[in-house]
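Pasted below: data04.cif, mmCIF, C-alpha atoms.
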```cif
data_final
#
loop_
_atom_site.group_PDB
_atom_site.id
_atom_site.type_symbol
_atom_site.label_atom_id
_atom_site.label_comp_id
_atom_site.auth_asym_id
_atom_site.auth_seq_id
_atom_site.Cartn_x
_atom_site.Cartn_y
_atom_site.Cartn_z
ATOM 1 C CA MET A 33 -223.917 -28.979 110.148
ATOM 2 C CA MET A 34 -220.364 -29.790 111.236
ATOM 3 C CA MET A 35 -220.314 -32.874 108.970
ATOM 4 C CA THR A 36 -221.611 -30.799 106.058
ATOM 5 C CA ARG A 37 -218.852 -28.220 106.520
ATOM 6 C CA VAL A 38 -216.220 -30.968 106.707
ATOM 7 C CA LEU A 39 -217.482 -32.556 103.516
ATOM 8 C CA SER A 40 -217.599 -29.177 101.770
ATOM 9 C CA THR A 41 -214.039 -28.399 102.869
ATOM 10 C CA THR A 42 -212.853 -31.825 101.682
ATOM 11 C CA ALA A 43 -214.544 -31.396 98.315
ATOM 12 C CA ALA A 44 -213.028 -27.938 97.880
ATOM 13 C CA ALA A 45 -209.574 -29.254 98.742
ATOM 14 C CA ALA A 46 -209.945 -32.112 96.276
ATOM 15 C CA LEU A 47 -211.049 -29.708 93.537
ATOM 16 C CA ALA A 48 -208.132 -27.392 94.303
ATOM 17 C CA ALA A 49 -205.682 -30.302 94.132
ATOM 18 C CA LEU A 50 -207.176 -31.338 90.802
ATOM 19 C CA LEU A 51 -206.853 -27.834 89.403
ATOM 20 C CA ILE A 52 -203.294 -27.507 90.688
ATOM 21 C CA GLY A 53 -202.463 -30.758 88.911
ATOM 22 C CA ALA A 54 -203.380 -29.121 85.622
ATOM 23 C CA VAL A 55 -200.662 -26.509 86.072
ATOM 24 C CA PRO A 56 -197.245 -27.440 84.578
ATOM 25 C CA VAL A 57 -195.040 -29.012 87.222
ATOM 26 C CA SER A 58 -191.928 -27.253 88.444
ATOM 27 C CA ALA A 59 -188.360 -28.379 87.991
ATOM 28 C CA GLN A 60 -188.423 -30.026 91.430
ATOM 29 C CA GLU A 61 -191.607 -32.024 90.805
ATOM 30 C CA GLY A 62 -192.999 -34.426 88.231
ATOM 31 C CA HIS A 63 -190.594 -35.338 85.455
ATOM 32 C CA GLY A 64 -188.130 -32.666 86.530
ATOM 33 C CA GLY A 65 -188.560 -29.745 84.151
ATOM 34 C CA PRO A 66 -190.963 -27.711 82.027
ATOM 35 C CA ILE A 67 -193.687 -29.552 80.171
ATOM 36 C CA PRO A 68 -192.443 -30.604 76.695
ATOM 37 C CA ALA A 69 -194.279 -28.980 73.830
ATOM 38 C CA ARG A 70 -196.923 -31.073 72.121
ATOM 39 C CA VAL A 71 -195.742 -32.007 68.619
ATOM 40 C CA ASN A 72 -198.166 -32.508 65.750
ATOM 41 C CA TRP A 73 -197.354 -36.170 65.033
ATOM 42 C CA SER A 74 -198.748 -37.857 61.929
ATOM 43 C CA PHE A 75 -199.458 -41.004 63.964
ATOM 44 C CA ALA A 76 -201.436 -39.279 66.713
ATOM 45 C CA GLY A 77 -205.159 -39.822 67.066
ATOM 46 C CA VAL A 78 -207.532 -42.599 66.067
ATOM 47 C CA PHE A 79 -206.799 -42.214 62.360
ATOM 48 C CA GLY A 80 -203.092 -41.432 62.732
ATOM 49 C CA ARG A 81 -200.591 -43.168 60.460
ATOM 50 C CA PHE A 82 -196.825 -43.369 60.378
ATOM 51 C CA ASP A 83 -195.092 -41.262 57.735
ATOM 52 C CA THR A 84 -192.906 -43.732 55.816
ATOM 53 C CA ALA A 85 -190.423 -41.073 54.686
ATOM 54 C CA GLN A 86 -190.106 -39.765 58.244
ATOM 55 C CA LEU A 87 -189.478 -43.279 59.575
ATOM 56 C CA GLN A 88 -186.710 -43.775 57.018
ATOM 57 C CA ARG A 89 -185.088 -40.494 58.032
ATOM 58 C CA GLY A 90 -185.484 -41.393 61.691
ATOM 59 C CA PHE A 91 -183.768 -44.720 61.122
ATOM 60 C CA GLN A 92 -180.939 -42.875 59.389
ATOM 61 C CA VAL A 93 -180.495 -40.658 62.449
ATOM 62 C CA TYR A 94 -180.558 -43.673 64.755
ATOM 63 C CA LYS A 95 -178.063 -45.604 62.629
ATOM 64 C CA GLU A 96 -175.593 -42.741 62.142
ATOM 65 C CA VAL A 97 -175.836 -41.162 65.600
ATOM 66 C CA CYS A 98 -177.732 -43.075 68.286
ATOM 67 C CA SER A 99 -176.617 -46.642 67.548
ATOM 68 C CA ALA A 100 -173.059 -45.834 68.675
ATOM 69 C CA CYS A 101 -174.298 -45.957 72.290
ATOM 70 C CA HIS A 102 -177.901 -47.190 72.355
ATOM 71 C CA SER A 103 -178.945 -50.741 71.545
ATOM 72 C CA MET A 104 -182.258 -51.849 70.056
ATOM 73 C CA LYS A 105 -182.330 -55.496 71.093
ATOM 74 C CA LEU A 106 -186.010 -56.195 70.408
ATOM 75 C CA VAL A 107 -186.066 -55.010 66.781
ATOM 76 C CA SER A 108 -185.049 -57.298 63.914
ATOM 77 C CA PHE A 109 -183.660 -56.132 60.591
ATOM 78 C CA ARG A 110 -186.628 -57.710 58.810
ATOM 79 C CA ASN A 111 -189.026 -55.497 60.776
ATOM 80 C CA LEU A 112 -187.815 -52.590 58.650
ATOM 81 C CA ALA A 113 -189.549 -54.163 55.643
ATOM 82 C CA GLN A 114 -192.897 -54.938 57.249
ATOM 83 C CA GLU A 115 -196.046 -53.103 56.249
ATOM 84 C CA GLY A 116 -196.725 -49.919 58.184
ATOM 85 C CA GLY A 117 -193.052 -49.290 58.957
ATOM 86 C CA PRO A 118 -190.084 -47.703 57.174
ATOM 87 C CA ASP A 119 -191.035 -49.863 54.186
ATOM 88 C CA PHE A 120 -187.538 -50.854 53.083
ATOM 89 C CA THR A 121 -187.374 -53.557 50.423
ATOM 90 C CA ALA A 122 -186.264 -57.086 51.239
ATOM 91 C CA GLY A 123 -183.073 -56.488 49.260
ATOM 92 C CA GLN A 124 -182.293 -53.309 51.192
ATOM 93 C CA VAL A 125 -182.834 -55.094 54.500
ATOM 94 C CA LYS A 126 -180.608 -57.988 53.472
ATOM 95 C CA ALA A 127 -177.836 -55.612 52.390
ATOM 96 C CA LEU A 128 -178.185 -53.574 55.583
ATOM 97 C CA ALA A 129 -178.029 -56.644 57.824
ATOM 98 C CA ALA A 130 -174.866 -57.840 56.065
ATOM 99 C CA THR A 131 -173.039 -54.658 57.119
ATOM 100 C CA TYR A 132 -173.278 -55.747 60.791
ATOM 101 C CA GLN A 133 -171.256 -58.423 62.534
ATOM 102 C CA VAL A 134 -173.373 -60.696 64.741
ATOM 103 C CA LYS A 135 -172.018 -63.018 67.409
ATOM 104 C CA ASP A 136 -173.159 -66.615 66.843
ATOM 105 C CA GLY A 137 -172.257 -70.087 67.956
ATOM 106 C CA PRO A 138 -170.965 -72.171 69.430
ATOM 107 C CA ASN A 139 -169.476 -73.884 66.397
ATOM 108 C CA ASP A 140 -168.324 -77.501 66.207
ATOM 109 C CA ALA A 141 -165.275 -76.574 68.269
ATOM 110 C CA GLY A 142 -167.454 -75.028 70.980
ATOM 111 C CA GLU A 143 -166.333 -71.511 70.212
ATOM 112 C CA MET A 144 -168.369 -68.378 69.554
ATOM 113 C CA PHE A 145 -167.776 -66.628 66.267
ATOM 114 C CA GLU A 146 -168.930 -63.588 64.311
ATOM 115 C CA ARG A 147 -170.729 -63.633 61.001
ATOM 116 C CA PRO A 148 -172.494 -61.092 58.763
ATOM 117 C CA GLY A 149 -175.989 -60.260 59.928
ATOM 118 C CA ARG A 150 -179.151 -61.729 58.453
ATOM 119 C CA PRO A 151 -182.639 -60.188 58.169
ATOM 120 C CA ALA A 152 -183.867 -62.395 61.021
ATOM 121 C CA ASP A 153 -181.198 -61.077 63.413
ATOM 122 C CA THR A 154 -181.888 -58.328 65.897
ATOM 123 C CA PHE A 155 -179.747 -55.201 65.885
ATOM 124 C CA PRO A 156 -176.467 -56.098 67.614
ATOM 125 C CA PRO A 157 -175.723 -53.949 70.685
ATOM 126 C CA PRO A 158 -172.790 -51.523 70.539
ATOM 127 C CA PHE A 159 -171.294 -53.004 73.733
ATOM 128 C CA PRO A 160 -170.831 -56.648 74.730
ATOM 129 C CA ASN A 161 -172.600 -56.164 78.087
ATOM 130 C CA ASP A 162 -174.053 -53.534 80.406
ATOM 131 C CA GLN A 163 -170.852 -53.272 82.424
ATOM 132 C CA ALA A 164 -168.832 -52.390 79.336
ATOM 133 C CA ALA A 165 -171.507 -49.892 78.287
ATOM 134 C CA ALA A 166 -171.413 -48.234 81.709
ATOM 135 C CA ALA A 167 -167.618 -48.104 81.744
ATOM 136 C CA ALA A 168 -167.587 -46.353 78.373
ATOM 137 C CA ASN A 169 -170.278 -43.827 79.342
ATOM 138 C CA GLY A 170 -169.292 -42.371 82.669
ATOM 139 C CA GLY A 171 -170.565 -45.211 84.850
ATOM 140 C CA LYS A 172 -174.112 -45.475 83.476
ATOM 141 C CA ALA A 173 -175.180 -47.758 80.640
ATOM 142 C CA PRO A 174 -177.253 -45.993 77.949
ATOM 143 C CA PRO A 175 -180.839 -47.330 77.860
ATOM 144 C CA ASP A 176 -182.034 -49.688 75.154
ATOM 145 C CA PHE A 177 -184.123 -47.938 72.513
ATOM 146 C CA SER A 178 -186.512 -50.790 71.632
ATOM 147 C CA VAL A 179 -189.458 -49.446 73.652
ATOM 148 C CA ILE A 180 -188.058 -46.143 74.902
ATOM 149 C CA ALA A 181 -190.856 -44.131 73.269
ATOM 150 C CA LYS A 182 -193.456 -45.993 75.344
ATOM 151 C CA ALA A 183 -191.353 -46.144 78.500
ATOM 152 C CA ARG A 184 -190.638 -42.413 78.753
ATOM 153 C CA THR A 185 -193.490 -40.129 79.679
ATOM 154 C CA PHE A 186 -194.396 -37.140 81.856
ATOM 155 C CA SER A 187 -197.393 -35.812 83.704
ATOM 156 C CA ARG A 188 -199.516 -33.353 81.747
ATOM 157 C CA GLY A 189 -201.647 -32.556 84.828
ATOM 158 C CA SER A 190 -204.530 -34.274 86.591
ATOM 159 C CA LEU A 191 -207.239 -32.745 84.426
ATOM 160 C CA TYR A 192 -205.609 -34.138 81.297
ATOM 161 C CA PHE A 193 -205.891 -37.600 82.860
ATOM 162 C CA LEU A 194 -209.659 -37.268 82.524
ATOM 163 C CA THR A 195 -209.453 -36.790 78.756
ATOM 164 C CA ASP A 196 -206.287 -38.552 77.570
ATOM 165 C CA TRP A 197 -207.928 -41.989 77.722
ATOM 166 C CA LEU A 198 -211.063 -40.975 75.812
ATOM 167 C CA PRO A 199 -211.454 -42.121 72.175
ATOM 168 C CA PHE A 200 -211.043 -39.534 69.403
ATOM 169 C CA VAL A 201 -209.710 -36.880 71.834
ATOM 170 C CA GLY A 202 -207.226 -38.939 73.863
ATOM 171 C CA TYR A 203 -203.490 -38.396 73.711
ATOM 172 C CA SER A 204 -200.764 -41.007 74.206
ATOM 173 C CA GLU A 205 -197.751 -39.434 72.455
ATOM 174 C CA GLN A 206 -196.015 -38.103 75.565
ATOM 175 C CA GLY A 207 -193.034 -40.407 74.901
ATOM 176 C CA PRO A 208 -192.111 -38.960 71.486
ATOM 177 C CA ASP A 209 -192.805 -35.466 72.817
ATOM 178 C CA TYR A 210 -190.314 -36.037 75.626
ATOM 179 C CA ILE A 211 -187.605 -37.504 73.368
ATOM 180 C CA HIS A 212 -187.930 -34.603 70.939
ATOM 181 C CA ALA A 213 -187.831 -32.078 73.788
ATOM 182 C CA LEU A 214 -184.810 -33.751 75.388
ATOM 183 C CA LEU A 215 -182.785 -33.565 72.171
ATOM 184 C CA ASN A 216 -183.611 -29.869 71.918
ATOM 185 C CA GLY A 217 -183.283 -29.103 75.636
ATOM 186 C CA TYR A 218 -179.514 -28.631 75.927
ATOM 187 C CA GLU A 219 -178.521 -25.125 76.940
ATOM 188 C CA GLU A 220 -176.172 -23.210 79.179
ATOM 189 C CA PRO A 221 -177.008 -23.696 82.879
ATOM 190 C CA PRO A 222 -178.179 -20.766 84.991
ATOM 191 C CA LYS A 223 -175.427 -18.895 86.802
ATOM 192 C CA ASP A 224 -176.491 -20.221 90.206
ATOM 193 C CA PHE A 225 -176.755 -23.843 88.994
ATOM 194 C CA ALA A 226 -174.019 -26.225 90.221
ATOM 195 C CA LEU A 227 -173.151 -28.430 87.267
ATOM 196 C CA PRO A 228 -170.816 -31.325 88.211
ATOM 197 C CA GLU A 229 -167.849 -32.285 86.084
ATOM 198 C CA GLY A 230 -168.890 -34.468 83.164
ATOM 199 C CA GLY A 231 -172.519 -33.378 83.429
ATOM 200 C CA HIS A 232 -174.550 -31.413 80.900
ATOM 201 C CA TYR A 233 -177.502 -29.126 81.495
ATOM 202 C CA ASN A 234 -180.817 -30.112 79.906
ATOM 203 C CA LYS A 235 -183.944 -28.275 80.969
ATOM 204 C CA TYR A 236 -186.216 -31.251 80.220
ATOM 205 C CA TYR A 237 -184.179 -33.936 81.983
ATOM 206 C CA PRO A 238 -185.099 -34.801 85.608
ATOM 207 C CA GLY A 239 -182.804 -32.740 87.801
ATOM 208 C CA HIS A 240 -181.441 -31.025 84.657
ATOM 209 C CA ILE A 241 -178.109 -32.903 84.881
ATOM 210 C CA ILE A 242 -177.577 -35.477 82.146
ATOM 211 C CA ALA A 243 -174.410 -37.451 81.447
ATOM 212 C CA MET A 244 -175.028 -37.645 77.700
ATOM 213 C CA PRO A 245 -173.540 -34.685 75.831
ATOM 214 C CA PRO A 246 -175.596 -33.114 73.036
ATOM 215 C CA PRO A 247 -175.756 -36.066 70.646
ATOM 216 C CA ILE A 248 -176.481 -34.221 67.422
ATOM 217 C CA THR A 249 -175.969 -30.831 65.801
ATOM 218 C CA ASP A 250 -177.411 -29.016 62.806
ATOM 219 C CA GLY A 251 -176.239 -30.474 59.512
ATOM 220 C CA GLN A 252 -174.717 -33.598 61.067
ATOM 221 C CA VAL A 253 -176.925 -36.048 59.143
ATOM 222 C CA SER A 254 -177.305 -35.582 55.387
ATOM 223 C CA TYR A 255 -180.889 -36.147 54.290
ATOM 224 C CA PRO A 256 -182.018 -37.097 50.755
ATOM 225 C CA LYS A 257 -182.039 -34.185 48.318
ATOM 226 C CA ASN A 258 -184.758 -32.981 45.955
ATOM 227 C CA ASP A 259 -184.340 -32.126 42.272
ATOM 228 C CA GLN A 260 -182.812 -28.756 43.185
ATOM 229 C CA GLY A 261 -180.175 -30.421 45.357
ATOM 230 C CA GLN A 262 -181.755 -29.192 48.599
ATOM 231 C CA PRO A 263 -182.601 -31.451 51.570
ATOM 232 C CA VAL A 264 -186.216 -32.639 51.498
ATOM 233 C CA VAL A 265 -186.576 -31.372 55.085
ATOM 234 C CA PRO A 266 -184.396 -29.041 57.181
ATOM 235 C CA GLU A 267 -181.224 -30.643 58.521
ATOM 236 C CA THR A 268 -181.692 -29.211 62.009
ATOM 237 C CA VAL A 269 -181.701 -30.644 65.525
ATOM 238 C CA ASP A 270 -185.422 -29.928 65.737
ATOM 239 C CA GLN A 271 -186.148 -31.976 62.596
ATOM 240 C CA TYR A 272 -183.693 -34.725 63.573
ATOM 241 C CA GLY A 273 -185.474 -34.977 66.921
ATOM 242 C CA LYS A 274 -188.898 -35.296 65.301
ATOM 243 C CA ASP A 275 -187.734 -37.940 62.841
ATOM 244 C CA VAL A 276 -185.893 -40.160 65.310
ATOM 245 C CA SER A 277 -188.733 -39.815 67.845
ATOM 246 C CA ALA A 278 -191.215 -41.018 65.222
ATOM 247 C CA PHE A 279 -188.928 -43.940 64.346
ATOM 248 C CA LEU A 280 -188.590 -44.922 68.010
ATOM 249 C CA MET A 281 -192.369 -44.738 68.400
ATOM 250 C CA TRP A 282 -192.710 -47.177 65.511
ATOM 251 C CA ALA A 283 -190.034 -49.454 67.016
ATOM 252 C CA ALA A 284 -191.958 -49.524 70.302
ATOM 253 C CA GLU A 285 -195.318 -50.182 68.624
ATOM 254 C CA PRO A 286 -194.779 -51.493 65.064
ATOM 255 C CA HIS A 287 -198.364 -52.760 64.730
ATOM 256 C CA MET A 288 -200.001 -49.507 65.831
ATOM 257 C CA MET A 289 -201.805 -48.844 62.545
ATOM 258 C CA ASP A 290 -203.199 -52.397 62.448
ATOM 259 C CA ARG A 291 -204.399 -51.989 66.026
ATOM 260 C CA LYS A 292 -206.131 -48.716 65.239
ATOM 261 C CA ALA A 293 -207.766 -50.161 62.121
ATOM 262 C CA LEU A 294 -209.044 -53.160 64.087
ATOM 263 C CA GLY A 295 -210.304 -50.941 66.892
ATOM 264 C CA PHE A 296 -212.196 -48.732 64.440
ATOM 265 C CA ARG A 297 -213.851 -51.781 62.859
ATOM 266 C CA VAL A 298 -214.823 -53.141 66.270
ATOM 267 C CA ILE A 299 -216.348 -49.820 67.347
ATOM 268 C CA LEU A 300 -218.273 -49.558 64.059
ATOM 269 C CA PHE A 301 -219.534 -53.127 64.500
ATOM 270 C CA LEU A 302 -220.685 -52.425 68.062
ATOM 271 C CA ILE A 303 -222.538 -49.286 66.958
ATOM 272 C CA ILE A 304 -224.389 -51.190 64.219
ATOM 273 C CA LEU A 305 -225.084 -54.118 66.555
ATOM 274 C CA SER A 306 -226.480 -51.795 69.223
ATOM 275 C CA ALA A 307 -228.796 -50.157 66.684
ATOM 276 C CA LEU A 308 -230.017 -53.560 65.476
ATOM 277 C CA LEU A 309 -230.615 -54.806 69.019
ATOM 278 C CA TYR A 310 -232.599 -51.686 69.838
ATOM 279 C CA TYR A 311 -234.726 -52.092 66.695
ATOM 280 C CA VAL A 312 -235.349 -55.796 67.410
ATOM 281 C CA LYS A 313 -236.305 -55.038 71.017
ATOM 282 C CA LYS A 314 -238.812 -52.400 69.925
ATOM 283 C CA LYS A 315 -240.260 -54.755 67.301
ATOM 284 C CA ILE A 316 -240.620 -57.808 69.542
ATOM 285 C CA TRP A 317 -242.000 -56.037 72.611
ATOM 286 C CA ALA A 318 -244.324 -53.646 70.783
ATOM 287 C CA ASP A 319 -247.370 -56.008 70.873
ATOM 288 C CA VAL A 320 -246.627 -57.183 74.402
ATOM 289 C CA GLY A 321 -246.569 -53.598 75.577
ATOM 290 C CA GLY A 322 -249.969 -52.946 73.972
ATOM 291 C CA GLU A 323 -251.521 -55.961 75.683
ATOM 292 C CA VAL A 324 -250.216 -54.865 79.087
ATOM 293 C CA HIS A 325 -251.618 -51.368 78.665
ATOM 294 C CA GLY A 326 -254.971 -52.844 77.587
ATOM 295 C CA LEU A 327 -255.276 -54.772 80.856
ATOM 296 C CA GLN A 328 -254.655 -51.789 83.075
ATOM 297 C CA PRO A 329 -258.313 -50.565 83.268
ATOM 298 C CA GLU A 330 -259.561 -54.038 84.296
ATOM 299 C CA LEU A 331 -256.882 -54.362 86.958
ATOM 300 C CA HIS A 332 -257.861 -50.938 88.294
ATOM 301 C CA LYS A 333 -261.515 -51.959 88.590
ATOM 302 C CA THR A 334 -260.575 -55.203 90.362
ATOM 303 C CA TYR A 335 -258.703 -53.464 93.091
#
```
Please render this file's structure as structure tokens.
Amino acid sequence: MMMTRVLSTTAAAALAALLIGAVPVSAQEGHGGPIPARVNWSFAGVFGRFDTAQLQRGFQVYKEVCSACHSMKLVSFRNLAQEGGPDFTAGQVKALAATYQVKDGPNDAGEMFERPGRPADTFPPPFPNDQAAAAANGGKAPPDFSVIAKARTFSRGSLYFLTDWLPFVGYSEQGPDYIHALLNGYEEPPKDFALPEGGHYNKYYPGHIIAMPPPITDGQVSYPKNDQGQPVVPETVDQYGKDVSAFLMWAAEPHMMDRKALGFRVILFLIILSALLYYVKKKIWADVGGEVHGLQPELHKTY
């Protein structure tokens, strides 16, 4: 009886811990703030696809705002023209690359030199090294943006862990959700909050103190206009955050759509193969099963 009560108490405690994990974490736990809102991304889900226009706008935001501090060392200019991405033309990529100066060398004299960029080059970093980046940004180097959308995440609660990995209902877009929330999370600190000099309050950042000032404001980036001369989408921080988050998700996983297409074909193949194997098994063993059942009366009489 004692062992039964112990096991029951343990099971109840485990269930309570699991249920508590489903509640949004506090500012002192987990990722350090309220749970970022879930955004309706076009690339979410098994059949999700990147929105080409959104990726182009997101690249514009990165180029005009983020690239001043954040590098993207793992992305080449030519990636912008590959299928499933921003879908720039080869000519556009070549012209874009030529606007950058890339360090190359050594030359015949053993010296490094700068030249215009080429499509095969990766995006040159804004600082020559991490030490220079840290010195220019309050002692901390800004993170590289190549895989930031996959590297940043947050806990949605223990119960979500049971479903996020499942096909068709799973969710793996916490990174873009967090980036979008962070860009929109700047606000005035509470009266009793001690904000150090040079720090900025962001309700989604761990500890709420972030060195980066609000990087973008409404109307800062001019988007393409429609026939009436109006922006195709609102020029707001919320929209900027969605667009650049989608672009960074593509940069972190540029072959996502190919992976999903291959996975769908594999699952379909396995379903068909399983049905065929079941049919063949039933067909082959049908007569054998009849013979075995026919012998049962004789075996019964023998024993």
Subject >> Local residues around (-198.4, -36.2, 64.5), at most 12 Å away, using all atoms listed in the file, as JSON, numbers by chain >> reply: {"A": [70, 71, 72, 73, 74, 75, 76, 77, 78, 79, 80, 81, 82, 83, 86, 203, 204, 205, 206, 208, 209, 274, 275, 277, 278, 281]}
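Summary of the local environment: counting only C-alpha atoms, residues at most 12 Å from Ala100 in chain A, other than itself and those fewer than 2 positions away along its chain, are Val93, Tyr94, Lys95, Glu96, Val97, Cys98, His102, Ser103, Met104, Phe155, Pro156, Pro157, Pro158, Phe159, Ala165, Ala168, Asn169, Pro174, Asp176, Phe177 and Pro247 of chain A.
Here CA of Thr121 in chain A stands at a distance of 25.9 Å from CA of Gln252 in chain A.
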**OP:** Check the smallest atom-to-atom distance from each of A:Val276, A:Ile316, A:Ile241, A:Ala130 to Val253 in chain A using all atoms listed in the file, then report the winner.
**Re:** A:Val276
Give the centre and edge lengths of an axis-aligned box, in Å to one decimal, that holds all listed atoms of range 185-188 of chain A with 8 Å on each side, as AutoDock Vina command-line options.
```
--center_x -196.5 --center_y -36.7 --center_z 81.7 --size_x 22.0 --size_y 22.8 --size_z 20.0
```
